[in-house]
>>> print(open('final-v7.pdb').read())   # PDB, C-alpha atoms
ATOM      1  CA  MET A  24      76.698  88.661  68.731
ATOM      2  CA  ARG A  25      79.558  90.685  67.236
ATOM      3  CA  LEU A  26      79.282  94.472  67.034
ATOM      4  CA  PRO A  27      81.933  95.645  64.513
ATOM      5  CA  LEU A  28      82.199  99.264  65.637
ATOM      6  CA  LEU A  29      82.846  98.300  69.247
ATOM      7  CA  HIS A  30      84.822  95.142  68.567
ATOM      8  CA  PRO A  31      88.285  96.561  69.546
ATOM      9  CA  LEU A  32      86.922  97.827  72.867
ATOM     10  CA  SER A  33      85.007  94.613  73.433
ATOM     11  CA  ARG A  34      88.123  92.570  72.714
ATOM     12  CA  LEU A  35      90.148  94.649  75.186
ATOM     13  CA  LEU A  36      87.493  94.249  77.890
ATOM     14  CA  LYS A  37      87.279  90.527  77.130
ATOM     15  CA  ARG A  38      91.006  90.169  77.777
ATOM     16  CA  GLY A  39      90.573  91.948  81.088
ATOM     17  CA  TYR A  40      87.583  89.796  81.970
ATOM     18  CA  ASP A  41      89.469  86.576  81.138
ATOM     19  CA  TRP A  42      92.399  87.809  83.236
ATOM     20  CA  MET A  43      90.054  88.410  86.170
ATOM     21  CA  LEU A  44      88.599  84.912  85.793
ATOM     22  CA  ARG A  45      92.122  83.500  86.029
ATOM     23  CA  LEU A  46      92.940  85.807  88.932
ATOM     24  CA  ALA A  47      89.815  84.635  90.766
ATOM     25  CA  LYS A  48      91.341  81.161  91.031
ATOM     26  CA  HIS A  49      94.556  82.316  92.713
ATOM     27  CA  PRO A  50      95.048  82.099  96.508
ATOM     28  CA  TRP A  51      95.752  85.837  96.672
ATOM     29  CA  ALA A  52      92.619  86.833  94.722
ATOM     30  CA  SER A  53      90.893  88.007  97.913
ATOM     31  CA  GLY A  54      93.815  90.306  98.682
ATOM     32  CA  ALA A  55      93.675  91.728  95.162
ATOM     33  CA  LEU A  56      89.926  92.350  95.509
ATOM     34  CA  PHE A  57      90.437  94.142  98.818
ATOM     35  CA  ALA A  58      93.301  96.250  97.419
ATOM     36  CA  LEU A  59      91.326  97.229  94.312
ATOM     37  CA  SER A  60      88.278  98.150  96.421
ATOM     38  CA  PHE A  61      90.458 100.238  98.745
ATOM     39  CA  ALA A  62      92.204 102.055  95.905
ATOM     40  CA  GLU A  63      89.008 102.739  93.939
ATOM     41  CA  ALA A  64      87.460 104.627  96.842
ATOM     42  CA  SER A  65      90.419 106.978  97.204
ATOM     43  CA  PHE A  66      92.354 107.425  93.945
ATOM     44  CA  PHE A  67      92.126 104.560  91.406
ATOM     45  CA  PRO A  68      89.724 105.019  88.418
ATOM     46  CA  LEU A  69      88.550 101.426  87.821
ATOM     47  CA  PRO A  70      85.774  99.891  89.977
ATOM     48  CA  PRO A  71      86.099  96.494  91.698
ATOM     49  CA  ASP A  72      82.777  95.176  90.341
ATOM     50  CA  PRO A  73      84.234  93.100  87.448
ATOM     51  CA  LEU A  74      86.639  91.273  89.767
ATOM     52  CA  LEU A  75      83.864  90.686  92.293
ATOM     53  CA  LEU A  76      81.727  89.308  89.448
ATOM     54  CA  ALA A  77      84.477  86.953  88.286
ATOM     55  CA  MET A  78      85.264  85.696  91.788
ATOM     56  CA  GLY A  79      81.654  85.410  92.940
ATOM     57  CA  ALA A  80      80.460  83.678  89.780
ATOM     58  CA  SER A  81      83.300  81.134  89.879
ATOM     59  CA  LYS A  82      82.657  80.366  93.572
ATOM     60  CA  PRO A  83      79.044  81.362  94.353
ATOM     61  CA  GLU A  84      79.161  79.930  97.878
ATOM     62  CA  ARG A  85      81.832  82.509  98.717
ATOM     63  CA  ALA A  86      80.182  85.443  96.921
ATOM     64  CA  PRO A  87      78.717  87.073 100.082
ATOM     65  CA  ARG A  88      82.140  86.842 101.726
ATOM     66  CA  TYR A  89      83.758  88.472  98.701
ATOM     67  CA  ALA A  90      81.106  91.190  98.737
ATOM     68  CA  LEU A  91      81.786  91.855 102.429
ATOM     69  CA  LEU A  92      85.502  92.081 101.688
ATOM     70  CA  THR A  93      84.768  94.549  98.893
ATOM     71  CA  VAL A  94      82.634  96.691 101.198
ATOM     72  CA  LEU A  95      85.316  96.667 103.901
ATOM     73  CA  GLY A  96      88.083  97.613 101.457
ATOM     74  CA  SER A  97      85.974 100.352  99.885
ATOM     75  CA  VAL A  98      84.952 101.933 103.193
ATOM     76  CA  LEU A  99      88.524 101.900 104.492
ATOM     77  CA  GLY A 100      89.659 103.405 101.186
ATOM     78  CA  ALA A 101      87.003 106.077 101.604
ATOM     79  CA  PHE A 102      88.664 107.101 104.874
ATOM     80  CA  LEU A 103      91.957 107.499 102.991
ATOM     81  CA  GLY A 104      90.180 109.746 100.497
ATOM     82  CA  TYR A 105      88.715 111.739 103.383
ATOM     83  CA  ALA A 106      92.202 112.094 104.924
ATOM     84  CA  ILE A 107      93.585 113.311 101.589
ATOM     85  CA  GLY A 108      90.905 115.992 101.563
ATOM     86  CA  VAL A 109      91.741 117.062 105.123
ATOM     87  CA  PHE A 110      95.531 116.925 105.112
ATOM     88  CA  LEU A 111      96.720 116.847 101.480
ATOM     89  CA  MET A 112      94.135 118.864  99.594
ATOM     90  CA  ASP A 113      96.654 121.404  98.287
ATOM     91  CA  SER A 114      98.907 118.704  96.831
ATOM     92  CA  VAL A 115      97.598 115.171  96.257
ATOM     93  CA  GLY A 116      93.934 116.184  96.510
ATOM     94  CA  ARG A 117      94.208 118.947  93.912
ATOM     95  CA  TRP A 118      96.140 116.679  91.563
ATOM     96  CA  LEU A 119      93.481 113.960  91.774
ATOM     97  CA  LEU A 120      90.604 116.382  91.327
ATOM     98  CA  ASP A 121      92.347 117.981  88.343
ATOM     99  CA  PHE A 122      92.779 114.523  86.845
ATOM    100  CA  TYR A 123      89.059 113.757  87.098
ATOM    101  CA  ASP A 124      87.844 117.301  86.413
ATOM    102  CA  PRO A 125      90.434 119.345  84.451
ATOM    103  CA  ASP A 126      88.301 122.482  84.158
ATOM    104  CA  ARG A 127      87.724 122.514  87.959
ATOM    105  CA  GLY A 128      84.043 123.218  87.464
ATOM    106  CA  PHE A 129      83.244 120.256  89.687
ATOM    107  CA  TRP A 130      84.314 121.980  92.871
ATOM    108  CA  HIS A 131      81.448 124.472  92.717
ATOM    109  CA  ARG A 132      78.985 121.737  91.773
ATOM    110  CA  VAL A 133      79.998 119.496  94.648
ATOM    111  CA  GLU A 134      79.575 122.344  97.121
ATOM    112  CA  VAL A 135      76.044 122.878  95.806
ATOM    113  CA  TRP A 136      75.478 119.101  95.906
ATOM    114  CA  TYR A 137      76.451 118.912  99.562
ATOM    115  CA  ALA A 138      74.481 122.035 100.456
ATOM    116  CA  ALA A 139      71.342 120.682  98.774
ATOM    117  CA  ARG A 140      71.569 116.978  99.591
ATOM    118  CA  GLY A 141      74.197 116.519 102.320
ATOM    119  CA  PHE A 142      74.153 112.968 103.630
ATOM    120  CA  PHE A 143      71.941 111.702 100.809
ATOM    121  CA  GLY A 144      74.236 113.212  98.179
ATOM    122  CA  LEU A 145      77.159 111.190  99.486
ATOM    123  CA  LEU A 146      74.933 108.124  99.754
ATOM    124  CA  ILE A 147      73.955 108.445  96.076
ATOM    125  CA  ALA A 148      77.623 108.745  95.100
ATOM    126  CA  ALA A 149      78.422 105.594  97.079
ATOM    127  CA  ILE A 150      75.788 103.549  95.223
ATOM    128  CA  THR A 151      75.904 104.898  91.663
ATOM    129  CA  PRO A 152      78.685 104.970  89.020
ATOM    130  CA  ILE A 153      79.533 108.571  89.999
ATOM    131  CA  PRO A 154      83.277 108.462  90.888
ATOM    132  CA  PHE A 155      83.098 107.851  94.629
ATOM    133  CA  LYS A 156      86.730 108.830  95.210
ATOM    134  CA  VAL A 157      86.005 112.425  94.234
ATOM    135  CA  PHE A 158      83.337 112.633  96.907
ATOM    136  CA  THR A 159      85.501 111.037  99.580
ATOM    137  CA  ILE A 160      88.228 113.625  98.954
ATOM    138  CA  ALA A 161      85.721 116.471  98.757
ATOM    139  CA  SER A 162      84.115 115.307 102.011
ATOM    140  CA  GLY A 163      87.372 115.785 103.859
ATOM    141  CA  ALA A 164      88.153 119.106 102.200
ATOM    142  CA  LEU A 165      84.674 120.464 102.986
ATOM    143  CA  ALA A 166      84.782 119.158 106.572
ATOM    144  CA  PHE A 167      81.758 116.928 106.105
ATOM    145  CA  PRO A 168      81.005 115.364 109.537
ATOM    146  CA  LEU A 169      83.034 112.172 109.872
ATOM    147  CA  PRO A 170      80.269 110.066 111.537
ATOM    148  CA  ALA A 171      77.818 110.950 108.735
ATOM    149  CA  PHE A 172      80.528 110.264 106.160
ATOM    150  CA  ALA A 173      81.254 106.830 107.622
ATOM    151  CA  THR A 174      77.545 105.965 107.823
ATOM    152  CA  ALA A 175      76.780 107.023 104.243
ATOM    153  CA  SER A 176      79.842 105.184 102.923
ATOM    154  CA  LEU A 177      78.983 101.985 104.778
ATOM    155  CA  ILE A 178      75.314 102.020 103.752
ATOM    156  CA  GLY A 179      75.981 102.978 100.122
ATOM    157  CA  ARG A 180      78.825 100.564  99.518
ATOM    158  CA  GLY A 181      76.987  97.862 101.457
ATOM    159  CA  LEU A 182      73.899  98.201  99.267
ATOM    160  CA  ARG A 183      75.867  98.208  96.039
ATOM    161  CA  PHE A 184      78.301  95.359  96.660
ATOM    162  CA  GLY A 185      76.003  93.455  98.999
ATOM    163  CA  ALA A 186      73.339  93.223  96.299
ATOM    164  CA  GLU A 187      75.954  91.997  93.825
ATOM    165  CA  GLY A 188      77.158  89.387  96.315
ATOM    166  CA  LEU A 189      73.649  88.027  96.914
ATOM    167  CA  LEU A 190      72.869  87.852  93.193
ATOM    168  CA  LEU A 191      76.121  85.993  92.603
ATOM    169  CA  ARG A 192      75.348  83.622  95.471
ATOM    170  CA  TRP A 193      71.954  82.763  94.012
ATOM    171  CA  TYR A 194      72.707  82.924  90.285
ATOM    172  CA  GLY A 195      76.508  82.728  90.000
ATOM    173  CA  PRO A 196      77.093  80.061  87.313
ATOM    174  CA  PRO A 197      74.147  81.180  85.094
ATOM    175  CA  ILE A 198      75.420  84.764  85.299
ATOM    176  CA  LEU A 199      78.851  83.610  84.131
ATOM    177  CA  VAL A 200      77.312  81.694  81.214
ATOM    178  CA  TRP A 201      75.148  84.695  80.301
ATOM    179  CA  VAL A 202      78.143  87.066  80.385
ATOM    180  CA  GLU A 203      80.135  84.740  78.128
ATOM    181  CA  ARG A 204      77.254  84.474  75.653
ATOM    182  CA  TRP A 205      76.413  88.174  75.511
ATOM    183  CA  PHE A 206      79.812  89.666  76.263
ATOM    184  CA  ASN A 207      79.667  92.363  73.563
ATOM    185  CA  TRP A 208      76.452  93.727  75.037
ATOM    186  CA  VAL A 209      77.857  93.441  78.563
ATOM    187  CA  ALA A 210      80.898  95.394  77.385
ATOM    188  CA  ILE A 211      78.618  98.124  76.037
ATOM    189  CA  GLY A 212      76.711  98.264  79.327
ATOM    190  CA  PHE A 213      79.898  98.420  81.385
ATOM    191  CA  THR A 214      81.286 101.206  79.194
ATOM    192  CA  VAL A 215      78.044 103.179  79.361
ATOM    193  CA  LEU A 216      77.990 102.923  83.157
ATOM    194  CA  LEU A 217      81.642 103.874  83.536
ATOM    195  CA  VAL A 218      81.560 106.784  81.093
ATOM    196  CA  GLY A 219      78.079 107.780  82.227
ATOM    197  CA  GLY A 220      79.281 108.025  85.800
ATOM    198  CA  PHE A 221      82.008 110.453  84.796
ATOM    199  CA  LEU A 222      79.616 112.490  82.654
ATOM    200  CA  LEU A 223      77.076 112.574  85.441
ATOM    201  CA  PHE A 224      79.800 113.716  87.788
ATOM    202  CA  ARG A 225      80.823 116.505  85.424
ATOM    203  CA  TYR A 226      77.413 117.822  84.372
ATOM    204  CA  ILE A 227      74.853 117.244  87.137
TER     205      ILE A 227
END
>>> encode(input="final-v7.pdb", output="structure tokens")
Amino acid sequence: MRLPLLHPLSRLLKRGYDWMLRLAKHPWASGALFALSFAEASFFPLPPDPLLLAMGASKPERAPRYALLTVLGSVLGAFLGYAIGVFLMDSVGRWLLDFYDPDRGFWHRVEVWYAARGFFGLLIAAITPIPFKVFTIASGALAFPLPAFATASLIGRGLRFGAEGLLLRWYGPPILVWVERWFNWVAIGFTVLLVGGFLLFRYI
């Protein structure tokens, strides 16, 4: 089904999706998935989910392994974000936070978030489309306990990417066919989740 108003965006996302399908067949695809997962948890804006989808759907028997690789990369990247918050908050950390929240209103909200929810606030950020990198940096800057940070990151990322890996293992090829058939609607859903995560981050 073609949606005229969103066709340019859909076409752009389709190019990216096709590129990821081609990338999934390369020997270094696993390294790219790990690198993207690592970067997304510390500074990069785009999530690794589409690449995990492309790789897992093309090779369902390897989907749990890809999901584990994504979790590992994301958790290690979260530690980099934490280190930025501890050691580079006045330079790199401020620049990244200004990029994601130009009016700096987030800083007060995240302090309230941590005060009210603590461990579970970070866990929610690790599972949902809320930009996880902002919370990893803030965790270091606010001296959130490192053991609790590591536990929340591992559980949250494990639930998110682990569930995707299992679904791809069980339903990989049908998912790929479904995405191809309904790509315009998938593009809308992906955009809503991505933009919604940023809006949720700014206004909760």
>>> atom_distance(input="final-v7.pdb", atom1="CA of Gly144 in chain A", atom2="CA of Ser60 in chain A")
20.7 Å
>>> atom_distance(input="final-v7.pdb", atom1="CA of Ala55 in chain A", atom2="CA of Glu84 in chain A")
18.9 Å
>>> resolve_selection(input="final-v7.pdb", expression="the PyMOL selection byres ((chain A and resi 175) around 9)", output="list in words")
Phe142, Phe143, Leu145, Leu146, Ile147, Ala149, Pro170, Ala171, Phe172, Ala173, Thr174, Ser176, Leu177, Ile178, Gly179 and Arg180 of chain A
>>> residues_around(input="final-v7.pdb", residues="range 89-103 of chain A", least_positions_apart="5", cutoff="10 Å", atoms="only C-alpha atoms", output="PyMOL selection string")
chain A and resi 52-54+56-66+70-72+74-76+78-79+82-84+108-109+149+155-160+162-163+169+172-189+191
>>> write_last_selection(input="final-v7.pdb", atoms="C-alpha atoms", output="PDB file, keeping the file's coordinate frame")
ATOM      1  CA  ALA A  52      92.619  86.833  94.722  1.00  0.00           C
ATOM      2  CA  SER A  53      90.893  88.007  97.913  1.00  0.00           C
ATOM      3  CA  GLY A  54      93.815  90.306  98.682  1.00  0.00           C
ATOM      4  CA  LEU A  56      89.926  92.350  95.509  1.00  0.00           C
ATOM      5  CA  PHE A  57      90.437  94.142  98.818  1.00  0.00           C
ATOM      6  CA  ALA A  58      93.301  96.250  97.419  1.00  0.00           C
ATOM      7  CA  LEU A  59      91.326  97.229  94.312  1.00  0.00           C
ATOM      8  CA  SER A  60      88.278  98.150  96.421  1.00  0.00           C
ATOM      9  CA  PHE A  61      90.458 100.238  98.745  1.00  0.00           C
ATOM     10  CA  ALA A  62      92.204 102.055  95.905  1.00  0.00           C
ATOM     11  CA  GLU A  63      89.008 102.739  93.939  1.00  0.00           C
ATOM     12  CA  ALA A  64      87.460 104.627  96.842  1.00  0.00           C
ATOM     13  CA  SER A  65      90.419 106.978  97.204  1.00  0.00           C
ATOM     14  CA  PHE A  66      92.354 107.425  93.945  1.00  0.00           C
ATOM     15  CA  PRO A  70      85.774  99.891  89.977  1.00  0.00           C
ATOM     16  CA  PRO A  71      86.099  96.494  91.698  1.00  0.00           C
ATOM     17  CA  ASP A  72      82.777  95.176  90.341  1.00  0.00           C
ATOM     18  CA  LEU A  74      86.639  91.273  89.767  1.00  0.00           C
ATOM     19  CA  LEU A  75      83.864  90.686  92.293  1.00  0.00           C
ATOM     20  CA  LEU A  76      81.727  89.308  89.448  1.00  0.00           C
ATOM     21  CA  MET A  78      85.264  85.696  91.788  1.00  0.00           C
ATOM     22  CA  GLY A  79      81.654  85.410  92.940  1.00  0.00           C
ATOM     23  CA  LYS A  82      82.657  80.366  93.572  1.00  0.00           C
ATOM     24  CA  PRO A  83      79.044  81.362  94.353  1.00  0.00           C
ATOM     25  CA  GLU A  84      79.161  79.930  97.878  1.00  0.00           C
ATOM     26  CA  GLY A 108      90.905 115.992 101.563  1.00  0.00           C
ATOM     27  CA  VAL A 109      91.741 117.062 105.123  1.00  0.00           C
ATOM     28  CA  ALA A 149      78.422 105.594  97.079  1.00  0.00           C
ATOM     29  CA  PHE A 155      83.098 107.851  94.629  1.00  0.00           C
ATOM     30  CA  LYS A 156      86.730 108.830  95.210  1.00  0.00           C
ATOM     31  CA  VAL A 157      86.005 112.425  94.234  1.00  0.00           C
ATOM     32  CA  PHE A 158      83.337 112.633  96.907  1.00  0.00           C
ATOM     33  CA  THR A 159      85.501 111.037  99.580  1.00  0.00           C
ATOM     34  CA  ILE A 160      88.228 113.625  98.954  1.00  0.00           C
ATOM     35  CA  SER A 162      84.115 115.307 102.011  1.00  0.00           C
ATOM     36  CA  GLY A 163      87.372 115.785 103.859  1.00  0.00           C
ATOM     37  CA  LEU A 169      83.034 112.172 109.872  1.00  0.00           C
ATOM     38  CA  PHE A 172      80.528 110.264 106.160  1.00  0.00           C
ATOM     39  CA  ALA A 173      81.254 106.830 107.622  1.00  0.00           C
ATOM     40  CA  THR A 174      77.545 105.965 107.823  1.00  0.00           C
ATOM     41  CA  ALA A 175      76.780 107.023 104.243  1.00  0.00           C
ATOM     42  CA  SER A 176      79.842 105.184 102.923  1.00  0.00           C
ATOM     43  CA  LEU A 177      78.983 101.985 104.778  1.00  0.00           C
ATOM     44  CA  ILE A 178      75.314 102.020 103.752  1.00  0.00           C
ATOM     45  CA  GLY A 179      75.981 102.978 100.122  1.00  0.00           C
ATOM     46  CA  ARG A 180      78.825 100.564  99.518  1.00  0.00           C
ATOM     47  CA  GLY A 181      76.987  97.862 101.457  1.00  0.00           C
ATOM     48  CA  LEU A 182      73.899  98.201  99.267  1.00  0.00           C
ATOM     49  CA  ARG A 183      75.867  98.208  96.039  1.00  0.00           C
ATOM     50  CA  PHE A 184      78.301  95.359  96.660  1.00  0.00           C
ATOM     51  CA  GLY A 185      76.003  93.455  98.999  1.00  0.00           C
ATOM     52  CA  ALA A 186      73.339  93.223  96.299  1.00  0.00           C
ATOM     53  CA  GLU A 187      75.954  91.997  93.825  1.00  0.00           C
ATOM     54  CA  GLY A 188      77.158  89.387  96.315  1.00  0.00           C
ATOM     55  CA  LEU A 189      73.649  88.027  96.914  1.00  0.00           C
ATOM     56  CA  LEU A 191      76.121  85.993  92.603  1.00  0.00           C
TER      57      LEU A 191
END
>>> closest_residue(input="final-v7.pdb", among="A:Pro168, A:Gly195, A:Pro154, A:Gly116", to="Gly141 in chain A", atoms="only C-alpha atoms")
A:Pro168
>>> atom_distance(input="final-v7.pdb", atom1="CA of His49 in chain A", atom2="CA of Pro152 in chain A")
27.9 Å
>>> closest_residue(input="final-v7.pdb", among="A:Ala164, A:Ala80, A:Ala86, A:Val135", to="Asp113 in chain A", atoms="all atoms listed in the file")
A:Ala164
